[in-house]
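Content type compact mmCIF, N, CA and C atoms, from the file upload05.txt:
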# COMPACT_ATOMS: atom_id res chain seq x y z
N MET A 9 1.51 120.96 174.96
CA MET A 9 0.32 120.29 175.45
C MET A 9 0.23 118.90 174.84
N GLU A 10 0.12 117.91 175.66
CA GLU A 10 0.04 116.53 175.19
C GLU A 10 -1.41 116.08 175.20
N ILE A 11 -1.82 115.49 174.09
CA ILE A 11 -3.19 114.98 173.99
C ILE A 11 -3.14 113.47 174.04
N THR A 12 -3.91 112.90 174.94
CA THR A 12 -3.98 111.46 175.06
C THR A 12 -5.27 110.98 174.41
N ILE A 13 -5.14 110.04 173.51
CA ILE A 13 -6.31 109.47 172.85
C ILE A 13 -6.70 108.21 173.60
N MET A 14 -7.96 108.14 173.97
CA MET A 14 -8.46 106.93 174.62
C MET A 14 -9.13 106.07 173.56
N ALA A 15 -8.83 104.83 173.57
CA ALA A 15 -9.43 103.92 172.61
C ALA A 15 -10.93 103.78 172.91
N GLU A 16 -11.69 103.54 171.87
CA GLU A 16 -13.14 103.40 171.99
C GLU A 16 -13.55 102.01 172.44
N ILE A 17 -12.60 101.19 172.70
CA ILE A 17 -12.88 99.80 173.05
C ILE A 17 -11.95 99.38 174.18
N SER A 18 -12.43 98.51 175.02
CA SER A 18 -11.61 97.98 176.11
C SER A 18 -11.60 96.46 175.99
N ILE A 19 -10.41 95.90 175.93
CA ILE A 19 -10.25 94.46 175.73
C ILE A 19 -9.39 93.89 176.84
N SER A 20 -9.91 92.91 177.54
CA SER A 20 -9.10 92.26 178.58
C SER A 20 -8.15 91.26 177.93
N ASN A 21 -7.13 90.86 178.66
CA ASN A 21 -6.20 89.86 178.13
C ASN A 21 -6.92 88.56 177.81
N THR A 22 -7.89 88.18 178.66
CA THR A 22 -8.65 86.95 178.44
C THR A 22 -9.48 87.04 177.16
N GLU A 23 -10.15 88.17 176.96
CA GLU A 23 -10.94 88.36 175.75
C GLU A 23 -10.04 88.37 174.52
N TRP A 24 -8.85 88.96 174.65
CA TRP A 24 -7.95 89.06 173.51
C TRP A 24 -7.51 87.70 173.00
N VAL A 25 -7.34 86.74 173.90
CA VAL A 25 -6.92 85.39 173.49
C VAL A 25 -7.90 84.86 172.43
N ARG A 26 -9.20 85.04 172.66
CA ARG A 26 -10.22 84.54 171.73
C ARG A 26 -10.36 85.45 170.52
N LEU A 27 -10.36 86.76 170.77
CA LEU A 27 -10.54 87.72 169.67
C LEU A 27 -9.36 87.65 168.69
N LYS A 28 -8.16 87.45 169.22
CA LYS A 28 -6.96 87.36 168.39
C LYS A 28 -7.08 86.22 167.38
N LEU A 29 -7.60 85.08 167.81
CA LEU A 29 -7.78 83.94 166.90
C LEU A 29 -8.71 84.30 165.75
N LYS A 30 -9.78 85.03 166.06
CA LYS A 30 -10.75 85.42 165.04
C LYS A 30 -10.12 86.41 164.05
N VAL A 31 -9.38 87.38 164.58
CA VAL A 31 -8.74 88.39 163.73
C VAL A 31 -7.70 87.71 162.84
N LYS A 32 -6.92 86.81 163.42
CA LYS A 32 -5.88 86.11 162.66
C LYS A 32 -6.49 85.24 161.55
N ARG A 33 -7.64 84.63 161.84
CA ARG A 33 -8.30 83.80 160.85
C ARG A 33 -8.81 84.66 159.68
N LYS A 34 -9.33 85.84 159.97
CA LYS A 34 -9.85 86.71 158.92
C LYS A 34 -8.72 87.37 158.13
N TYR A 35 -7.67 87.77 158.84
CA TYR A 35 -6.54 88.47 158.21
C TYR A 35 -5.29 87.63 158.43
N ASN A 36 -5.16 86.56 157.65
CA ASN A 36 -4.09 85.59 157.92
C ASN A 36 -2.69 86.10 157.59
N HIS A 37 -2.57 87.28 157.03
CA HIS A 37 -1.24 87.85 156.77
C HIS A 37 -0.68 88.55 158.01
N LEU A 38 -1.51 88.74 159.05
CA LEU A 38 -1.02 89.39 160.26
C LEU A 38 -0.12 88.44 161.05
N THR A 39 0.94 88.99 161.59
CA THR A 39 1.88 88.20 162.37
C THR A 39 1.53 88.25 163.85
N ASP A 40 2.16 87.38 164.64
CA ASP A 40 1.96 87.43 166.09
C ASP A 40 2.42 88.79 166.64
N GLU A 41 3.44 89.36 166.03
CA GLU A 41 3.92 90.67 166.45
C GLU A 41 2.85 91.74 166.17
N ASP A 42 2.21 91.65 165.01
CA ASP A 42 1.13 92.59 164.68
C ASP A 42 0.01 92.51 165.71
N LEU A 43 -0.20 91.31 166.22
CA LEU A 43 -1.32 91.06 167.13
C LEU A 43 -0.91 91.02 168.60
N SER A 44 0.30 91.47 168.90
CA SER A 44 0.72 91.49 170.30
C SER A 44 -0.12 92.53 171.05
N TYR A 45 -0.56 92.17 172.25
CA TYR A 45 -1.46 93.05 172.98
C TYR A 45 -1.44 92.71 174.46
N GLU A 46 -1.46 93.72 175.28
CA GLU A 46 -1.65 93.59 176.72
C GLU A 46 -2.77 94.54 177.10
N SER A 47 -3.55 94.16 178.07
CA SER A 47 -4.66 94.99 178.53
C SER A 47 -4.19 96.43 178.76
N GLY A 48 -4.95 97.38 178.24
CA GLY A 48 -4.59 98.79 178.36
C GLY A 48 -3.88 99.34 177.15
N GLN A 49 -3.51 98.47 176.20
CA GLN A 49 -2.79 98.91 175.00
C GLN A 49 -3.69 98.93 173.77
N GLU A 50 -4.97 99.22 173.99
CA GLU A 50 -5.91 99.23 172.87
C GLU A 50 -5.49 100.20 171.78
N GLU A 51 -5.05 101.38 172.18
CA GLU A 51 -4.68 102.40 171.19
C GLU A 51 -3.55 101.91 170.29
N GLU A 52 -2.54 101.31 170.90
CA GLU A 52 -1.41 100.80 170.13
C GLU A 52 -1.87 99.71 169.16
N LEU A 53 -2.76 98.84 169.63
CA LEU A 53 -3.29 97.77 168.79
C LEU A 53 -4.06 98.35 167.60
N ILE A 54 -4.92 99.31 167.87
CA ILE A 54 -5.72 99.94 166.80
C ILE A 54 -4.80 100.57 165.76
N GLN A 55 -3.82 101.32 166.22
CA GLN A 55 -2.89 101.99 165.28
C GLN A 55 -2.14 100.96 164.43
N ARG A 56 -1.67 99.90 165.07
CA ARG A 56 -0.92 98.87 164.34
C ARG A 56 -1.81 98.19 163.30
N LEU A 57 -3.05 97.87 163.68
CA LEU A 57 -3.96 97.22 162.73
C LEU A 57 -4.35 98.16 161.60
N MET A 58 -4.51 99.44 161.91
CA MET A 58 -4.81 100.42 160.84
C MET A 58 -3.70 100.39 159.79
N ASN A 59 -2.47 100.38 160.25
CA ASN A 59 -1.33 100.37 159.32
C ASN A 59 -1.24 99.07 158.54
N ARG A 60 -1.36 97.94 159.24
CA ARG A 60 -1.19 96.64 158.58
C ARG A 60 -2.35 96.28 157.65
N LEU A 61 -3.57 96.70 158.03
CA LEU A 61 -4.75 96.38 157.21
C LEU A 61 -5.03 97.45 156.17
N LYS A 62 -4.33 98.59 156.31
CA LYS A 62 -4.55 99.73 155.42
C LYS A 62 -6.03 100.14 155.42
N ARG A 63 -6.58 100.19 156.62
CA ARG A 63 -7.99 100.59 156.81
C ARG A 63 -8.04 101.73 157.80
N ASN A 64 -9.15 102.45 157.81
CA ASN A 64 -9.27 103.57 158.73
C ASN A 64 -9.63 103.10 160.14
N ARG A 65 -9.54 104.04 161.06
CA ARG A 65 -9.78 103.75 162.46
C ARG A 65 -11.17 103.19 162.69
N GLU A 66 -12.18 103.78 162.06
CA GLU A 66 -13.56 103.34 162.25
C GLU A 66 -13.72 101.87 161.87
N TYR A 67 -13.09 101.46 160.79
CA TYR A 67 -13.19 100.07 160.34
C TYR A 67 -12.56 99.12 161.37
N VAL A 68 -11.37 99.48 161.84
CA VAL A 68 -10.65 98.63 162.79
C VAL A 68 -11.42 98.50 164.09
N VAL A 69 -11.91 99.62 164.62
CA VAL A 69 -12.66 99.60 165.87
C VAL A 69 -13.96 98.81 165.69
N PHE A 70 -14.65 99.04 164.57
CA PHE A 70 -15.88 98.30 164.28
C PHE A 70 -15.62 96.80 164.25
N THR A 71 -14.56 96.40 163.57
CA THR A 71 -14.22 94.98 163.45
C THR A 71 -13.92 94.37 164.81
N LEU A 72 -13.15 95.07 165.64
CA LEU A 72 -12.83 94.56 166.97
C LEU A 72 -14.09 94.47 167.84
N LYS A 73 -14.92 95.50 167.79
CA LYS A 73 -16.15 95.49 168.59
C LYS A 73 -17.08 94.36 168.14
N LYS A 74 -17.17 94.17 166.84
CA LYS A 74 -18.02 93.10 166.31
C LYS A 74 -17.51 91.74 166.80
N GLY A 75 -16.22 91.55 166.79
CA GLY A 75 -15.64 90.31 167.29
C GLY A 75 -15.89 90.12 168.77
N MET A 76 -15.87 91.21 169.53
CA MET A 76 -16.12 91.14 170.96
C MET A 76 -17.57 90.75 171.27
N GLU A 77 -18.50 91.22 170.44
CA GLU A 77 -19.92 90.91 170.64
C GLU A 77 -20.18 89.42 170.48
N HIS A 78 -19.37 88.77 169.67
CA HIS A 78 -19.59 87.36 169.34
C HIS A 78 -18.38 86.52 169.73
N LEU A 79 -17.86 86.74 170.93
CA LEU A 79 -16.64 86.02 171.35
C LEU A 79 -16.83 84.50 171.35
N ASP A 80 -18.04 84.03 171.60
CA ASP A 80 -18.28 82.59 171.70
C ASP A 80 -18.52 81.93 170.35
N THR A 81 -18.52 82.73 169.29
CA THR A 81 -18.75 82.15 167.95
C THR A 81 -17.54 82.45 167.08
N ASN A 82 -17.57 81.95 165.85
CA ASN A 82 -16.50 82.24 164.90
C ASN A 82 -16.75 83.55 164.16
N ARG A 83 -17.85 84.21 164.47
CA ARG A 83 -18.24 85.39 163.71
C ARG A 83 -17.32 86.58 163.98
N LEU A 84 -16.92 87.24 162.89
CA LEU A 84 -16.13 88.47 163.02
C LEU A 84 -16.62 89.46 162.00
Taking this structure as input, can you express it in the form of structure tokens?
Amino acid sequence: MEITIMAEISISNTEWVRLKLKVKRKYNHLTDEDLSYESGQEEELIQRLMNRLKRNREYVVFTLKKGMEHLDTNRL
């Protein structure tokens, strides 16, 4: 039996362009490869960030959602 995990967040490619800049600014050790993303790959992004940031899923999802709420500002 295969279990599919759905990410708690949905990010469009357009939104990611802006959100990626904010994430990169906050976590400047992340590489472009760490931050590679295409719409629909939220789960892969969350898993990669959990590993690279050494933080739990809740933290990563919270951080991404917070950045999405304030896409027009520098706030993350």
Distance of atom N of Lys73 in chain A from CA of Leu27 in chain A, expressed in Å to one decimal place: 9.1 Å
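Rounded to one decimal, atom N of His78 in chain A and atom C of Glu23 in chain A lie 10.5 Å from each other.
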7 Å contact set for range 32-44 of chain A, only N, CA and C atoms, chain neighbours under 5 positions out, as a list in words: Leu27, Leu53, Arg56 and Leu57 of chain A
Point (-14.8, 88.7, 171.8), cut-off 10 Å, counting only C-alpha atoms, residues as number ranges by chain: A: 19-20, 22-30, 72-84
Between atom C of Glu50 in chain A and CA of Ser18 in chain A - distance in Å to one decimal: 7.8 Å
As AutoDock Vina command-line options, please: the centre and edge lengths in Å, to one decimal, of an axis-aligned box enclosing every listed atom of range 46-54 of chain A with 6 Å added on each side.
--center_x -3.7 --center_y 98.0 --center_z 172.3 --size_x 16.5 --size_y 20.8 --size_z 25.0
